[in-house]
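Peer 1: The file below is protein.txt, compact mmCIF, C-alpha atoms and all ligand atoms:
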# COMPACT_ATOMS: atom_id res chain seq x y z
CA MET A 2 12.32 -9.28 48.01
CA MET A 3 10.13 -9.50 44.93
CA SER A 4 9.24 -12.98 43.71
CA ALA A 5 10.63 -14.12 40.38
CA PRO A 6 8.29 -13.72 37.39
CA THR A 7 6.69 -16.79 35.88
CA GLU A 8 7.41 -17.97 32.40
CA SER A 9 3.76 -17.50 31.49
CA ALA A 10 3.85 -13.85 32.62
CA ILE A 11 6.79 -13.33 30.27
CA ARG A 12 4.97 -15.13 27.46
CA THR A 13 1.92 -12.92 27.98
CA ALA A 14 4.14 -9.85 27.74
CA LEU A 15 5.68 -11.19 24.54
CA SER A 16 2.24 -11.72 23.02
CA ARG A 17 2.08 -7.94 22.80
CA VAL A 18 5.19 -7.84 20.60
CA GLN A 19 4.38 -7.95 16.90
CA ASP A 20 6.67 -9.01 14.13
CA PRO A 21 7.30 -5.65 12.44
CA GLU A 22 6.79 -7.03 8.96
CA ILE A 23 4.01 -9.58 9.44
CA ARG A 24 2.22 -7.47 12.04
CA LYS A 25 1.09 -10.38 14.16
CA PRO A 26 2.19 -11.35 17.71
CA ILE A 27 5.51 -13.22 17.73
CA THR A 28 4.01 -15.77 20.10
CA GLU A 29 1.43 -16.68 17.43
CA LEU A 30 4.05 -16.91 14.72
CA GLY A 31 6.13 -19.52 16.54
CA MET A 32 8.95 -17.04 16.90
CA VAL A 33 9.57 -17.55 20.63
CA LYS A 34 12.06 -20.41 20.88
CA SER A 35 12.62 -20.42 24.64
CA ILE A 36 12.07 -18.46 27.83
CA ASP A 37 14.27 -19.18 30.86
CA VAL A 38 13.65 -17.47 34.17
CA SER A 39 16.10 -17.70 37.05
CA ALA A 40 15.09 -17.50 40.70
CA ASP A 41 16.68 -14.06 40.84
CA GLY A 42 14.51 -12.70 38.06
CA ASP A 43 17.04 -12.96 35.26
CA VAL A 44 15.25 -13.74 32.01
CA ALA A 45 16.87 -15.27 28.94
CA ILE A 46 14.75 -15.32 25.79
CA THR A 47 15.60 -16.80 22.42
CA VAL A 48 13.67 -15.58 19.42
CA TYR A 49 13.53 -17.16 16.00
CA LEU A 50 13.95 -14.81 13.07
CA THR A 51 12.18 -15.86 9.88
CA VAL A 52 15.39 -15.48 7.89
CA SER A 53 18.93 -14.74 9.00
CA SER A 54 19.13 -11.60 6.90
CA CYS A 55 16.03 -10.20 8.62
CA PRO A 56 16.35 -6.39 8.38
CA MET A 57 14.29 -6.00 11.55
CA ARG A 58 16.53 -8.06 13.85
CA SER A 59 17.57 -5.24 16.15
CA GLU A 60 14.03 -3.85 16.25
CA ILE A 61 12.69 -7.28 17.28
CA GLN A 62 15.43 -7.71 19.86
CA THR A 63 14.69 -4.34 21.42
CA SER A 64 10.93 -4.74 21.56
CA VAL A 65 11.21 -8.25 23.08
CA SER A 66 13.65 -6.99 25.66
CA THR A 67 11.48 -3.98 26.54
CA ALA A 68 8.32 -6.08 26.83
CA ALA A 69 9.97 -8.63 29.13
CA ALA A 70 11.65 -5.95 31.26
CA ASP A 71 8.21 -4.49 31.98
CA VAL A 72 7.05 -7.61 33.79
CA ASP A 73 7.08 -7.32 37.60
CA GLY A 74 10.04 -9.00 39.23
CA VAL A 75 12.27 -9.06 36.16
CA ARG A 76 15.80 -8.00 36.97
CA ASN A 77 17.72 -8.49 33.80
CA VAL A 78 16.79 -9.56 30.24
CA THR A 79 18.96 -11.08 27.56
CA VAL A 80 17.59 -11.76 24.11
CA GLU A 81 19.31 -14.15 21.75
CA LEU A 82 18.38 -14.65 18.13
CA ASP A 83 18.14 -17.87 16.21
CA VAL A 84 16.86 -18.56 12.72
CA MET A 85 13.91 -20.72 11.73
CA SER A 86 14.58 -24.02 10.01
CA ASP A 87 13.09 -24.74 6.58
CA GLU A 88 10.35 -26.78 8.26
CA GLN A 89 9.48 -23.95 10.61
CA ARG A 90 9.34 -21.50 7.73
CA THR A 91 7.00 -23.84 5.85
CA GLU A 92 4.80 -24.02 8.96
CA LEU A 93 4.75 -20.22 9.17
CA ARG A 94 3.90 -19.85 5.51
CA LYS A 95 1.03 -22.33 5.90
CA LYS A 96 -0.23 -20.50 8.95
CA LEU A 97 -0.26 -17.19 7.10
CA ARG A 98 -1.20 -18.23 3.62
CA GLY A 99 -3.09 -21.45 4.04
CA ASP A 100 -1.95 -24.77 2.73
CA SER A 101 -2.74 -24.23 -0.93
CA GLY A 102 -0.05 -25.28 -3.36
CA GLU A 103 0.09 -22.43 -5.84
CA PRO A 104 -0.17 -18.92 -4.44
CA VAL A 105 -3.41 -17.22 -5.38
CA ILE A 106 -4.22 -13.53 -5.62
CA PRO A 107 -6.20 -12.87 -2.43
CA PHE A 108 -7.88 -9.76 -3.87
CA ALA A 109 -9.35 -11.74 -6.73
CA GLN A 110 -11.00 -14.31 -4.48
CA PRO A 111 -14.74 -14.19 -4.00
CA GLY A 112 -15.50 -12.47 -0.72
CA SER A 113 -12.29 -10.43 -0.67
CA MET A 114 -12.93 -7.34 1.43
CA THR A 115 -10.06 -5.33 -0.03
CA ARG A 116 -10.85 -2.43 -2.32
CA VAL A 117 -8.34 -2.27 -5.12
CA TYR A 118 -7.77 1.02 -6.91
CA ALA A 119 -5.62 1.14 -10.03
CA VAL A 120 -4.30 4.68 -10.39
CA ALA A 121 -3.95 5.54 -14.07
CA SER A 122 -2.98 8.55 -16.13
CA GLY A 123 -2.79 9.24 -19.82
CA LYS A 124 0.74 10.58 -19.80
CA GLY A 125 3.69 10.78 -17.45
CA GLY A 126 4.49 13.62 -15.11
CA VAL A 127 0.92 14.53 -14.13
CA GLY A 128 1.64 13.55 -10.54
CA LYS A 129 0.10 10.09 -10.48
CA SER A 130 2.74 8.70 -8.12
CA SER A 131 2.58 11.75 -5.84
CA VAL A 132 -1.19 11.42 -5.62
CA THR A 133 -0.92 7.66 -4.94
CA VAL A 134 1.51 7.98 -2.02
CA ASN A 135 -0.46 10.82 -0.47
CA LEU A 136 -3.74 8.95 -0.71
CA ALA A 137 -2.06 5.87 0.78
CA ALA A 138 -0.51 7.81 3.66
CA ALA A 139 -3.77 9.66 4.36
CA LEU A 140 -5.80 6.44 4.36
CA ALA A 141 -3.27 4.73 6.66
CA ALA A 142 -3.34 7.76 8.97
CA ARG A 143 -7.11 7.20 9.26
CA GLY A 144 -6.34 3.76 10.62
CA LEU A 145 -7.03 1.74 7.51
CA SER A 146 -4.73 -1.06 6.48
CA VAL A 147 -3.19 0.10 3.20
CA GLY A 148 -0.85 -1.35 0.60
CA VAL A 149 0.75 0.23 -2.44
CA LEU A 150 1.95 -1.80 -5.38
CA ASP A 151 4.24 0.26 -7.57
CA ALA A 152 3.39 -1.22 -10.94
CA ASP A 153 4.88 1.78 -12.72
CA ILE A 154 7.76 -0.39 -13.77
CA TYR A 155 9.34 2.44 -15.74
CA GLY A 156 8.96 5.21 -13.20
CA HIS A 157 9.01 3.42 -9.85
CA SER A 158 9.48 6.51 -7.73
CA ILE A 159 7.15 5.32 -4.97
CA PRO A 160 9.76 3.95 -2.50
CA ARG A 161 11.57 7.29 -2.43
CA MET A 162 8.30 9.18 -2.07
CA LEU A 163 7.39 7.00 0.91
CA GLY A 164 10.86 7.42 2.35
CA THR A 165 12.06 3.83 2.38
CA ASP A 166 14.78 1.95 0.60
CA SER A 167 14.21 -1.21 2.63
CA LYS A 168 14.10 -4.45 0.71
CA PRO A 169 11.32 -6.96 1.27
CA THR A 170 12.12 -10.04 3.35
CA GLN A 171 11.53 -13.32 1.61
CA VAL A 172 10.27 -16.31 3.59
CA GLU A 173 10.11 -19.24 1.19
CA ARG A 174 8.01 -17.98 -1.71
CA MET A 175 6.37 -15.40 0.48
CA ILE A 176 7.52 -11.79 0.21
CA LEU A 177 7.05 -9.53 3.23
CA PRO A 178 6.67 -5.92 2.13
CA PRO A 179 8.49 -3.11 3.95
CA ILE A 180 6.17 -0.72 5.79
CA SER A 181 6.67 3.04 5.77
CA HIS A 182 4.27 5.61 7.23
CA GLU A 183 2.13 2.53 8.02
CA VAL A 184 1.82 1.76 4.30
CA LYS A 185 2.91 -1.63 2.98
CA LEU A 186 4.91 -1.15 -0.15
CA ILE A 187 6.12 -3.33 -2.98
CA SER A 188 7.96 -1.94 -5.97
CA ILE A 189 10.05 -3.35 -8.74
CA ALA A 190 12.67 -0.85 -7.52
CA GLN A 191 13.18 -3.08 -4.48
CA PHE A 192 14.28 -5.92 -6.73
CA THR A 193 16.72 -4.07 -8.94
CA THR A 194 20.15 -2.84 -7.93
CA GLY A 195 20.90 0.83 -8.24
CA ASN A 196 19.08 3.13 -10.57
CA VAL A 197 19.09 0.89 -13.62
CA PRO A 198 16.25 1.60 -16.03
CA VAL A 199 14.18 -1.51 -16.55
CA VAL A 200 13.06 -2.47 -20.01
CA TRP A 201 10.33 -5.04 -19.65
CA ARG A 202 8.04 -6.56 -22.19
CA GLY A 203 4.34 -7.17 -21.74
CA PRO A 204 4.44 -10.83 -20.67
CA MET A 205 7.20 -10.10 -18.15
CA LEU A 206 5.19 -7.23 -16.74
CA HIS A 207 2.18 -9.47 -16.44
CA ARG A 208 4.19 -12.09 -14.58
CA ALA A 209 5.82 -9.52 -12.29
CA LEU A 210 2.43 -8.08 -11.43
CA GLN A 211 0.98 -11.52 -10.81
CA GLN A 212 3.87 -12.35 -8.51
CA PHE A 213 3.55 -9.11 -6.60
CA LEU A 214 -0.13 -9.77 -6.09
CA ALA A 215 0.09 -13.45 -5.22
CA ASP A 216 3.46 -13.96 -3.52
CA VAL A 217 3.48 -10.85 -1.36
CA PHE A 218 2.00 -11.33 2.08
CA TRP A 219 -0.23 -8.26 2.18
CA GLY A 220 -2.25 -9.35 5.19
CA ASP A 221 -5.83 -8.14 5.52
CA LEU A 222 -5.79 -4.91 3.56
CA ASP A 223 -8.65 -2.46 3.51
CA ILE A 224 -7.25 -0.74 0.44
CA LEU A 225 -4.65 -1.62 -2.16
CA LEU A 226 -3.48 1.13 -4.51
CA LEU A 227 -1.77 0.14 -7.74
CA ASP A 228 0.37 2.80 -9.36
CA LEU A 229 0.13 1.97 -13.06
CA PRO A 230 2.56 3.15 -15.72
CA PRO A 231 1.26 6.12 -17.72
CA GLY A 232 -0.73 5.43 -20.86
CA THR A 233 -3.11 2.71 -21.87
CA GLY A 234 -0.52 -0.03 -21.79
CA ASP A 235 -0.59 -3.77 -21.35
CA ILE A 236 -0.41 -3.49 -17.61
CA ALA A 237 -3.88 -1.96 -17.32
CA ILE A 238 -5.24 -4.97 -19.18
CA SER A 239 -3.20 -7.27 -16.94
CA VAL A 240 -4.67 -5.66 -13.85
CA ALA A 241 -8.15 -6.18 -15.23
CA GLN A 242 -7.41 -9.83 -15.88
CA LEU A 243 -5.75 -10.46 -12.53
CA ILE A 244 -8.19 -8.46 -10.37
CA PRO A 245 -11.43 -7.90 -12.29
CA THR A 246 -12.94 -5.96 -9.38
CA ALA A 247 -10.14 -3.36 -9.35
CA GLU A 248 -11.56 0.12 -9.84
CA ILE A 249 -9.78 2.80 -11.81
CA LEU A 250 -8.78 6.21 -10.50
CA VAL A 251 -7.79 8.59 -13.28
CA VAL A 252 -5.27 11.36 -12.57
CA THR A 253 -5.07 14.26 -14.99
CA THR A 254 -3.99 17.89 -15.11
CA PRO A 255 -6.40 20.72 -16.05
CA GLN A 256 -4.81 20.87 -19.49
CA GLN A 257 -7.01 20.01 -22.46
CA ALA A 258 -4.43 17.73 -24.11
CA ALA A 259 -3.75 15.89 -20.87
CA ALA A 260 -7.49 15.52 -20.38
CA GLU A 261 -7.87 13.85 -23.75
CA VAL A 262 -5.20 11.24 -23.11
CA ALA A 263 -6.47 10.71 -19.57
CA GLU A 264 -9.91 10.06 -21.01
CA ARG A 265 -8.43 7.37 -23.25
CA ALA A 266 -6.71 5.79 -20.23
CA GLY A 267 -10.04 5.75 -18.41
CA ALA A 268 -11.96 4.49 -21.39
CA ILE A 269 -10.02 1.26 -21.28
CA ALA A 270 -12.37 0.42 -18.41
CA LEU A 271 -15.13 0.14 -20.95
CA GLN A 272 -13.32 -2.72 -22.67
CA THR A 273 -12.27 -4.40 -19.45
CA ARG A 274 -15.67 -3.79 -17.79
CA GLN A 275 -14.01 -2.22 -14.78
CA LYS A 276 -15.54 0.50 -12.71
CA VAL A 277 -14.03 4.00 -12.81
CA ALA A 278 -14.12 5.24 -9.22
CA GLY A 279 -13.43 8.83 -10.23
CA VAL A 280 -11.09 11.46 -11.58
CA ILE A 281 -8.51 13.45 -9.63
CA GLU A 282 -7.27 16.68 -11.14
CA ASN A 283 -3.73 17.51 -10.06
CA MET A 284 -1.72 20.73 -10.49
CA SER A 285 -5.05 22.54 -10.68
CA TRP A 286 -3.78 26.01 -9.84
CA LEU A 287 -1.10 27.92 -7.99
CA GLU A 288 -2.21 30.10 -5.15
CA LEU A 289 -0.39 33.44 -5.31
CA ALA A 290 0.69 35.54 -2.35
CA ASP A 291 -2.40 37.77 -2.70
CA GLY A 292 -4.69 34.75 -2.52
CA THR A 293 -5.61 34.69 -6.20
CA ARG A 294 -5.32 31.51 -8.20
CA MET A 295 -3.15 31.21 -11.25
CA ASP A 296 -4.23 28.52 -13.70
CA VAL A 297 -0.74 27.40 -14.67
CA PHE A 298 -1.92 24.45 -16.72
CA GLY A 299 -5.26 25.80 -17.89
CA SER A 300 -8.51 24.75 -16.29
CA GLY A 301 -11.36 22.32 -16.50
CA GLY A 302 -9.46 19.16 -17.51
CA GLY A 303 -10.61 17.07 -14.56
CA GLN A 304 -14.27 17.91 -15.03
CA ILE A 305 -14.02 17.26 -18.78
CA VAL A 306 -12.58 13.80 -18.19
CA ALA A 307 -15.20 13.01 -15.56
CA ASP A 308 -18.06 14.16 -17.83
CA ARG A 309 -16.80 12.34 -20.90
CA LEU A 310 -16.15 9.13 -19.02
CA THR A 311 -19.60 9.35 -17.46
CA LYS A 312 -21.04 9.57 -20.95
CA SER A 313 -18.94 6.87 -22.60
CA ILE A 314 -19.14 4.38 -19.74
CA GLY A 315 -22.75 5.11 -18.96
CA ALA A 316 -22.19 5.29 -15.20
CA SER A 317 -21.50 8.29 -13.04
CA VAL A 318 -17.78 9.08 -12.82
CA PRO A 319 -17.23 11.85 -10.25
CA LEU A 320 -14.46 14.43 -10.10
CA LEU A 321 -13.12 13.45 -6.67
CA GLY A 322 -10.93 16.47 -6.11
CA GLN A 323 -8.65 19.20 -7.40
CA ILE A 324 -5.14 19.32 -5.98
CA PRO A 325 -3.37 22.67 -6.26
CA LEU A 326 0.28 23.07 -7.14
CA ASP A 327 2.44 23.21 -4.05
CA PRO A 328 6.23 22.95 -3.91
CA ILE A 329 5.85 21.01 -0.66
CA ILE A 330 4.39 18.11 -2.66
CA ARG A 331 7.63 17.88 -4.62
CA GLU A 332 9.80 18.41 -1.54
CA GLY A 333 7.84 15.74 0.29
CA GLY A 334 8.39 13.40 -2.65
CA ASP A 335 12.12 13.95 -2.37
CA SER A 336 12.34 13.74 1.41
CA GLY A 337 9.95 10.81 1.72
CA VAL A 338 7.32 12.49 3.90
CA PRO A 339 4.02 12.96 2.03
CA ILE A 340 2.41 16.40 2.37
CA VAL A 341 -0.71 14.88 3.98
CA LEU A 342 1.53 13.98 6.93
CA SER A 343 3.93 16.93 7.01
CA HIS A 344 1.42 19.68 6.17
CA PRO A 345 -2.03 18.07 6.47
CA ASP A 346 -3.83 21.40 6.69
CA SER A 347 -2.21 23.06 3.67
CA ALA A 348 -4.56 23.56 0.72
CA ALA A 349 -3.00 20.66 -1.19
CA GLY A 350 -2.82 18.46 1.92
CA THR A 351 -6.48 19.13 2.66
CA ALA A 352 -7.56 18.45 -0.93
CA LEU A 353 -5.68 15.15 -0.94
CA ARG A 354 -7.12 14.12 2.43
CA GLU A 355 -10.62 14.90 1.20
CA VAL A 356 -10.13 12.57 -1.76
CA ALA A 357 -8.82 9.92 0.65
CA ASP A 358 -11.93 10.43 2.82
CA LYS A 359 -14.14 9.73 -0.18
CA LEU A 360 -12.27 6.51 -0.87
CA ALA A 361 -12.28 5.56 2.81
CA VAL A 362 -16.01 5.82 3.38
CA ARG A 363 -16.37 3.18 0.75
CA GLN A 364 -14.09 1.07 2.87
CA ARG A 365 -14.15 -2.67 2.77
CA GLY A 366 -17.49 -4.11 3.44
CA LEU A 367 -20.35 -5.51 1.53
CA ALA A 368 -21.56 -2.25 -0.01
CA GLY A 369 -21.91 -2.59 -3.72
CA MET A 370 -20.95 -6.22 -3.66
CA SER A 371 -23.05 -9.07 -4.87
CA LEU A 372 -24.11 -11.02 -1.80
CA GLY A 373 -24.66 -14.12 -3.87
CA ILE A 374 -28.32 -14.17 -2.87
CA ASP A 375 -30.80 -15.11 -5.54
CA THR A 376 -33.36 -12.34 -5.10
CA THR A 377 -35.54 -13.63 -7.94
CA ARG A 378 -36.60 -16.49 -5.69
CA HIS A 379 -38.45 -14.15 -3.39
CA LEU A 380 -40.42 -12.76 -6.29
CA LYS A 381 -42.10 -16.00 -7.16
N1 LIG A 401 0.39 19.24 -7.01
C1 LIG A 401 1.73 19.32 -7.21
N2 LIG A 401 2.42 20.43 -6.90
C2 LIG A 401 3.74 20.51 -7.12
N3 LIG A 401 4.48 19.53 -7.63
C3 LIG A 401 3.86 18.38 -7.96
C4 LIG A 401 2.45 18.20 -7.76
N4 LIG A 401 2.12 16.95 -8.17
C5 LIG A 401 3.27 16.38 -8.59
N5 LIG A 401 4.31 17.23 -8.49
C6 LIG A 401 5.71 17.00 -8.91
O1 LIG A 401 5.69 16.74 -10.31
C7 LIG A 401 6.63 15.74 -10.66
C8 LIG A 401 5.92 14.58 -11.34
O2 LIG A 401 5.10 13.94 -10.39
P1 LIG A 401 4.97 12.35 -10.29
O3 LIG A 401 6.30 11.69 -10.37
O4 LIG A 401 4.12 12.07 -9.14
O5 LIG A 401 4.19 12.10 -11.64
P2 LIG A 401 3.77 10.75 -12.38
O6 LIG A 401 2.56 11.08 -13.13
O7 LIG A 401 3.73 9.64 -11.44
O8 LIG A 401 4.95 10.57 -13.37
P3 LIG A 401 5.49 9.19 -13.98
O9 LIG A 401 4.32 8.33 -14.24
O10 LIG A 401 6.21 9.65 -15.20
O11 LIG A 401 6.38 8.62 -12.90
C9 LIG A 401 7.31 15.37 -9.38
O12 LIG A 401 8.51 16.10 -9.26
C10 LIG A 401 6.33 15.77 -8.29
O13 LIG A 401 6.98 16.09 -7.09
How does this structure look as C-alpha cells?
Peer 2:
Amino acid sequence: MMSAPTESAIRTALSRVQDPEIRKPITELGMVKSIDVSADGDVAITVYLTVSSCPMRSEIQTSVSTAAADVDGVRNVTVELDVMSDEQRTELRKKLRGDSGEPVIPFAQPGSMTRVYAVASGKGGVGKSSVTVNLAAALAARGLSVGVLDADIYGHSIPRMLGTDSKPTQVERMILPPISHEVKLISIAQFTTGNVPVVWRGPMLHRALQQFLADVFWGDLDILLLDLPPGTGDIAISVAQLIPTAEILVVTTPQQAAAEVAERAGAIALQTRQKVAGVIENMSWLELADGTRMDVFGSGGGQIVADRLTKSIGASVPLLGQIPLDPIIREGGDSGVPIVLSHPDSAAGTALREVADKLAVRQRGLAGMSLGIDTTRHLK
C-alpha cells in the first residue's frame, strides 16, 4: 500500500497553481485556506476566492484539484471554495500594490521598465484597433507580458477583437483585467452594459484613463498599448500628462488626406514632448489572384507621414511597416482571433509580426533611458 501524501507535498503541488487573473501562485496570494489529508490519501482543500463573484471559480477549482491529484499517494481530492474577508483582501492588495494610500500609475514611476505605446490615428476607420490587437497578440506570443488599454472610449471594439466579453474582477479598489490570447485587457466597454454609445467629456475621459492606469493591477508588463480615440483629442494630451514617457505609434492609410490628418495626430507629440516611435501604414494594397498589387487607397501615405514627422519633430520617425488589405483581418476582428495567431504566415500576418518584432527588440530594459548618472562629473 502506498503511504499517504504529506500536507507539504500537497502545498508544493499547489504552489504551481496560479491565480488565472493575478498570475501568481495561489500559495503566495494567501488563497489556500486549508489542506486536510486522511491516512487513506483523501485530500480536502479549501481555497479562498478573492471575491465571491470570481469569474474564474471553476477554473481555479479544476486546476487545484488536478495539481493535488498528481501527488503520489493521493486517492481522492475535494476542493471547496470560500471567500476572502475584507481584511484578507486588504492584505492581498497590499502585497500586490504596496501599502501606499492613493494608487499611483506604475508606468509613470521612475525606473518603470514598461514601454508604453499610445496608438494614434488622424481619423477613424484606418484600422488602428485592428493593428493594436494584432501587435499585442504577436508580442504576447513572443513571450512578452502585454497589456492593452482601450482608451478609444467612442469605438471600444478591442474586447470583441480579442475575443473576450469577460468583465474585470474588482478586489477592493484594485481591478484585475481579463486575459485573452495572453493579453491583459481593460476597456470602457467592460464597464458599460450592452452596446450603449458613451458620450464622455474631456475631464471624465481624463479621470477614466487615470483610473484604468492606476487602479488596474497590470502586473509587471513589458509593453502596454493604449488604443487612443481617432483625432488629436483631449485624451492624447491626457496620456502625455499621465505617462510622459509614452511613445506614439501613428497608424495611417496610404491615402493623401488620411496622411495629412495622421501627421497632425503625430505632431501633437511636438507639443507634449513625446517620442514618436514610428508610423504604421495599414490597408496598403490588395494582392490580386495574379500576384499583382492593387493600390486601393492610393500609395505613399505612410512614408509621407514618417518623413514629415521626422522633419517637424527633428528626430527620426521610421515607417515601421505596411500592412496589406486582407479580409482575414476583418474576420479575425469579428471572431476574436487576431490574424497574427490564426494566419501568422499570411502577408498581412507577417507584416504585423514584423512590426511587433521591431517593438519587441526595444523591450523593457535600460536602453534609451536616463540612468540618473551624472556623467559631467567624470569630465572634470
Ligand atoms: N488591413 C486590413 N484589411 C482588411 N480589413 C481591415 C484591415 N485593417 C482594418 N480592417 C477593417 O476595417 C475596419 C476598421 O478597422 P478598425 O476598427 O480597426 O479601425 P479604427 O481605426 O480602430 O477605427 P475606430 O477608431 O473608428 O474604431 C474593421 O472592420 C476592420 O476589420
Peer 1: Which neighbours of region 244-252 of chain A fall inside 9 Å, counting only C-alpha atoms, when residues of the same chain fewer than 6 positions from it are skipped, and could you give them as a ChimeraX atom specification?
Peer 2: /A:106,108-110,116-123,127-129,132,263-264,266-267,270,273-283,303,306-307
Peer 1: Which one is closest to Lys168 (chain A): A:Met57, A:Ile27, A:Ala5, A:Ala68? Count all atoms listed in the file.
Peer 2: A:Met57
Peer 1: If I take CA of Ile61 (chain A) and CA of Pro21 (chain A), how far is one from the other in Å, to one decimal?
Peer 2: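 Pair CA of Ile61 (chain A) / CA of Pro21 (chain A) returns 7.4 Å.
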Peer 1: Give the residue list for ligand LIG 401 (chain A) at 8 Å, counting all atoms listed in the file, as JSON, numbers by chain, sorted by chain and then by residue number.
Peer 2: {"A": [122, 124, 125, 126, 127, 128, 129, 130, 131, 132, 133, 153, 155, 156, 157, 158, 228, 229, 230, 231, 252, 283, 284, 285, 324, 325, 326, 327, 328, 329, 330, 331, 332, 333, 334, 335, 349]}
Peer 1: Tell me, as a PyMOL selection string, which residues lie within 12 Å of Arg354 (chain A), counting all atoms listed in the file; anything in the same chain fewer than 2 positions away does not count.
Peer 2: chain A and resi 132-143+321-324+339-342+344-352+356-361
Peer 1: My list of candidates is A:Asp73, A:Asp83, A:Asp20, A:Glu60. Which is closest to Gly42 (chain A) when distances are computed with only C-alpha atoms?
Peer 2: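 With only C-alpha atoms as the atom set, the closest residue is A:Asp73.
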Peer 1: Using CA of Val78 (chain A) and CA of Pro26 (chain A) as the two end points, give the distance in Å to one decimal.
Peer 2: 19.3 Å
Peer 1: Region 146-152 of chain A: which residues within 6 Å, counting all atoms listed in the file, same-chain residues fewer than 3 positions away excluded, as a tab-separated table (two decimals) with C-alpha atoms, in the coordinates of the input?
Peer 2:
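Result written to result.tsv:
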chain	number	residue	atom	x	y	z
A	141	ALA	CA	-3.27	4.73	6.66
A	184	VAL	CA	1.82	1.76	4.30
A	185	LYS	CA	2.91	-1.63	2.98
A	186	LEU	CA	4.91	-1.15	-0.15
A	187	ILE	CA	6.12	-3.33	-2.98
A	188	SER	CA	7.96	-1.94	-5.97
A	222	LEU	CA	-5.79	-4.91	3.56
A	223	ASP	CA	-8.65	-2.46	3.51
A	224	ILE	CA	-7.25	-0.74	0.44
A	225	LEU	CA	-4.65	-1.62	-2.16
A	226	LEU	CA	-3.48	1.13	-4.51
A	227	LEU	CA	-1.77	0.14	-7.74
A	228	ASP	CA	0.37	2.80	-9.36
A	229	LEU	CA	0.13	1.97	-13.06
Peer 1: Can you tell me, as a VMD selection string, what residues are no more than 9 Å from Glu8 (chain A) when counting all atoms listed in the file, ignoring any on the same chain fewer than 4 positions away?
Peer 2: chain A and resid 12 to 13 36 to 38 44
Peer 1: Could you please determine the separation between CA of Ala70 (chain A) and CA of Ile11 (chain A) in Å, to one decimal place?
Peer 2: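 Spanning CA of Ala70 (chain A) to CA of Ile11 (chain A) is a straight-line distance of 8.9 Å.
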Peer 1: Regenerate region 239-255 of chain A at the level of N, CA and C atoms and dump it as a short mmCIF file (atom, residue, chain, number, x, y, z; two decimals), keeping the file's coordinate frame.
Peer 2:
data_model
loop_
_atom_site.label_atom_id
_atom_site.label_comp_id
_atom_site.auth_asym_id
_atom_site.auth_seq_id
_atom_site.Cartn_x
_atom_site.Cartn_y
_atom_site.Cartn_z
N SER A 239 -3.61 -6.21 -17.88
CA SER A 239 -3.20 -7.27 -16.94
C SER A 239 -3.91 -7.12 -15.61
N VAL A 240 -3.99 -5.89 -15.12
CA VAL A 240 -4.67 -5.66 -13.85
C VAL A 240 -6.11 -6.13 -13.94
N ALA A 241 -6.75 -5.79 -15.06
CA ALA A 241 -8.15 -6.18 -15.23
C ALA A 241 -8.30 -7.70 -15.25
N GLN A 242 -7.32 -8.36 -15.84
CA GLN A 242 -7.41 -9.83 -15.88
C GLN A 242 -7.15 -10.44 -14.51
N LEU A 243 -6.17 -9.86 -13.80
CA LEU A 243 -5.75 -10.46 -12.53
C LEU A 243 -6.72 -10.12 -11.40
N ILE A 244 -7.22 -8.88 -11.40
CA ILE A 244 -8.19 -8.46 -10.37
C ILE A 244 -9.35 -7.76 -11.06
N PRO A 245 -10.33 -8.51 -11.53
CA PRO A 245 -11.43 -7.90 -12.29
C PRO A 245 -12.20 -6.84 -11.50
N THR A 246 -12.16 -6.93 -10.17
CA THR A 246 -12.94 -5.96 -9.38
C THR A 246 -12.16 -4.67 -9.10
N ALA A 247 -10.91 -4.59 -9.59
CA ALA A 247 -10.14 -3.36 -9.35
C ALA A 247 -10.86 -2.19 -10.00
N GLU A 248 -10.93 -1.08 -9.28
CA GLU A 248 -11.56 0.12 -9.84
C GLU A 248 -10.47 1.08 -10.28
N ILE A 249 -10.80 1.91 -11.25
CA ILE A 249 -9.78 2.80 -11.81
C ILE A 249 -9.94 4.21 -11.27
N LEU A 250 -8.82 4.79 -10.89
CA LEU A 250 -8.78 6.21 -10.50
C LEU A 250 -7.95 6.90 -11.57
N VAL A 251 -8.52 7.91 -12.20
CA VAL A 251 -7.79 8.59 -13.28
C VAL A 251 -7.21 9.90 -12.75
N VAL A 252 -5.92 10.10 -12.97
CA VAL A 252 -5.27 11.36 -12.57
C VAL A 252 -4.97 12.15 -13.85
N THR A 253 -5.35 13.41 -13.84
CA THR A 253 -5.07 14.26 -14.99
C THR A 253 -4.69 15.65 -14.51
N THR A 254 -4.19 16.48 -15.41
CA THR A 254 -3.99 17.89 -15.11
C THR A 254 -5.15 18.66 -15.75
N PRO A 255 -5.28 19.96 -15.47
CA PRO A 255 -6.40 20.72 -16.05
C PRO A 255 -6.25 20.92 -17.56
#
